[in-house]
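Have a look at the structure below, then the notes.
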Amino acid sequence: MSAQGRKDYAETAESTPTRILAVDDDADILYTIAAIGEAAGWHVDGASDGEEALRRLRDESGYDLVLLDYHMPNMDGLTLLGLVREDFPTLPVLVLTVDEDQETANAFLDAGATDFALKPIKAPDLIARIRLHLRLAAAEQRLDRRVPDEELPKGIQRQTLDAIIAALREADGFISQQDLAERTGFAYQTVCRYVSHLEDVNLLDVQLKYGKLGRPKKKVRWREK
């Protein structure tokens, strides 16, 4: 990918426009997302239920990201996400929800969700989140995978792990876990869990800063070859 492509993945060449699939049973929401996507220079297709979404993903190759509603009839967003992950383990999936409780967030993260966007939708926030994860997905494609593809520990999802590795590699030197959470959009607790795993497999350099009180502040850096 060119430098311009890395600068803003959404602004790709006309021959390869960014394609997004929005899944929501509310036609007004789909219209709003399509309008936001058009303003950002993306092509947005809509699906009104899980079955249509799966058909589009399987029959129409080339989607770069999925926006997924949580509350839908017949097949809710969590069930659909599990099916999507079976066929598309690295495709960025952002969940649209009015729920802000940690239990719901953990369930989606464990199922492989990339990030969340709250309803009612705010265009600047949604565009920023989509651009972030498009950039991370592009960076992931450039990774020379140093983490083997054997079975990962329980609670560690490949897609989430790759996104965190991409952010670590793009960071300029050591970075705190809080900053890493802000860059990736994942919950702080999730980032800590994945950082701990990367430490266990010796892929991170760790820097501890001791203060007068409390635990030392930890920063980490991707260990290059």
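How things are named: the first chain in the structure tokens is A, the next is B, and so on; residues count from 1 in each chain; ligands count from 1 in the order shown.
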
Exercise for review: From the DSSP assignment of the backbone, select every residue of segment 28-133 of chain A that is alpha helix (DSSP H), and format the answer as a ChimeraX atom specification.
Suggested key: /A:28-40,50-59,77-87,102-111,123-133

Can you list every residue of segment 107-139 of chain A that has an atom at most 12 Å from segment 185-189 of chain A, with its nearest atom pair and the distance in Å to one decimal, using only C-alpha atoms, ordered by chain then number, as a tab-separated table?
```
residue	atom	partner	partner_atom	distance
A:Phe108	CA	A:Phe186	CA	11.3
A:Leu109	CA	A:Phe186	CA	8.6
A:Asp110	CA	A:Phe186	CA	11.7
A:Gly112	CA	A:Phe186	CA	11.4
A:Ala113	CA	A:Phe186	CA	9.5
A:Thr114	CA	A:Phe186	CA	7.5
A:Asp115	CA	A:Gly185	CA	6.1
A:Phe116	CA	A:Gly185	CA	8.0
A:Ala117	CA	A:Gly185	CA	10.0
A:Asp125	CA	A:Gly185	CA	11.7
A:Leu126	CA	A:Gly185	CA	12.0
A:Ala128	CA	A:Gly185	CA	10.7
A:Arg129	CA	A:Gly185	CA	7.9
A:Ile130	CA	A:Gly185	CA	10.6
A:Arg131	CA	A:Gly185	CA	11.7
A:Leu132	CA	A:Gly185	CA	8.6
A:His133	CA	A:Gly185	CA	8.8
A:Leu136	CA	A:Gly185	CA	11.0
```

Point to revise | Distance query Leu68 of chain A at most 10 Å, only C-alpha atoms, self and fewer than 4 positions along chain excluded, as a PyMOL selection string | key: chain A and resi 21-24+47+49-50+53+72+76-78+80-81+93-97+113+116-117

Review point. Interatomic distance between atom CA of Asp64 of chain A and atom CA of Pro89 of chain A?
Key: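 Result for atom CA of Asp64 of chain A versus atom CA of Pro89 of chain A: 12.4 Å, one decimal.
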
Point to revise | Ile127 of chain A surroundings by only C-alpha atoms, 9 Å radius, close-in-sequence under 5 positions cut, as a ChimeraX atom specification | key: /A:36-37,40,122,132

Dump of C-alpha atoms for the selected residues, as a short mmCIF file (atom, residue, chain, number, x, y, z; two decimals), in the first residue's frame:
```
data_model
loop_
_atom_site.label_atom_id
_atom_site.label_comp_id
_atom_site.auth_asym_id
_atom_site.auth_seq_id
_atom_site.Cartn_x
_atom_site.Cartn_y
_atom_site.Cartn_z
CA ILE A 36 -22.41 8.99 6.17
CA GLY A 37 -20.47 6.53 4.04
CA ALA A 40 -16.66 9.83 3.66
CA LYS A 122 -22.95 10.49 15.48
CA LEU A 132 -9.13 3.71 12.53
#
```

**Study point:** atom CA of Glu86 of chain A to atom CA of Asn202 of chain A, distance in Å rounded to a single decimal
**Key:**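 One can read the atom CA of Glu86 of chain A to atom CA of Asn202 of chain A distance as 28.6 Å.
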
Review point. Rounded to one decimal in Å, what is the spacing between atom CA of Ala34 of chain A and atom CA of Thr18 of chain A?
Key: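 Separating atom CA of Ala34 of chain A from atom CA of Thr18 of chain A is a distance of 12.7 Å.
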
**Study point:** Residue among A:Arg223, A:Leu118, A:Val66, A:Val44 lying closest to Glu199 of chain A, counting only C-alpha atoms
**Key:** A:Arg223

Revision key, fill the gap. Of A:Pro73, A:Asn106, A:Leu67, A:Asp87, the one nearest to Leu54 of chain A when counting only C-alpha atoms is A:Asp87

Check your understanding: If you run DSSP on this backbone, which residues of segment 63-99 of chain A come out as strand (DSSP E or B), and could you give them as a list in words?
Key -> Leu65, Val66, Leu67, Leu68, Asp69, Val93, Leu94, Val95, Leu96 and Thr97 of chain A

Export N, CA and C atoms of the chosen residues as a short mmCIF file (atom, residue, chain, number, x, y, z; two decimals), in the first residue's frame?
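The resulting file, part_20.cif, is reproduced below:
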```cif
data_model
loop_
_atom_site.label_atom_id
_atom_site.label_comp_id
_atom_site.auth_asym_id
_atom_site.auth_seq_id
_atom_site.Cartn_x
_atom_site.Cartn_y
_atom_site.Cartn_z
N LEU A 65 -15.24 -3.92 5.84
CA LEU A 65 -15.68 -3.72 7.22
C LEU A 65 -17.18 -3.96 7.30
N VAL A 66 -17.64 -4.44 8.47
CA VAL A 66 -19.06 -4.66 8.71
C VAL A 66 -19.51 -3.83 9.90
N LEU A 67 -20.65 -3.15 9.75
CA LEU A 67 -21.33 -2.47 10.85
C LEU A 67 -22.53 -3.32 11.22
N LEU A 68 -22.59 -3.76 12.47
CA LEU A 68 -23.55 -4.77 12.87
C LEU A 68 -24.42 -4.30 14.03
N ASP A 69 -25.75 -4.32 13.83
CA ASP A 69 -26.67 -3.97 14.90
C ASP A 69 -26.79 -5.13 15.88
N VAL A 93 -15.33 -5.84 12.41
CA VAL A 93 -16.77 -5.79 12.68
C VAL A 93 -17.02 -4.82 13.82
N LEU A 94 -17.72 -3.74 13.53
CA LEU A 94 -18.10 -2.75 14.55
C LEU A 94 -19.56 -2.96 14.92
N VAL A 95 -19.83 -3.06 16.20
CA VAL A 95 -21.17 -3.34 16.69
C VAL A 95 -21.89 -2.03 17.02
N LEU A 96 -23.10 -1.88 16.49
CA LEU A 96 -23.94 -0.72 16.79
C LEU A 96 -24.93 -1.11 17.89
N THR A 97 -24.93 -0.39 18.99
CA THR A 97 -25.79 -0.78 20.11
C THR A 97 -26.15 0.41 20.97
#
```
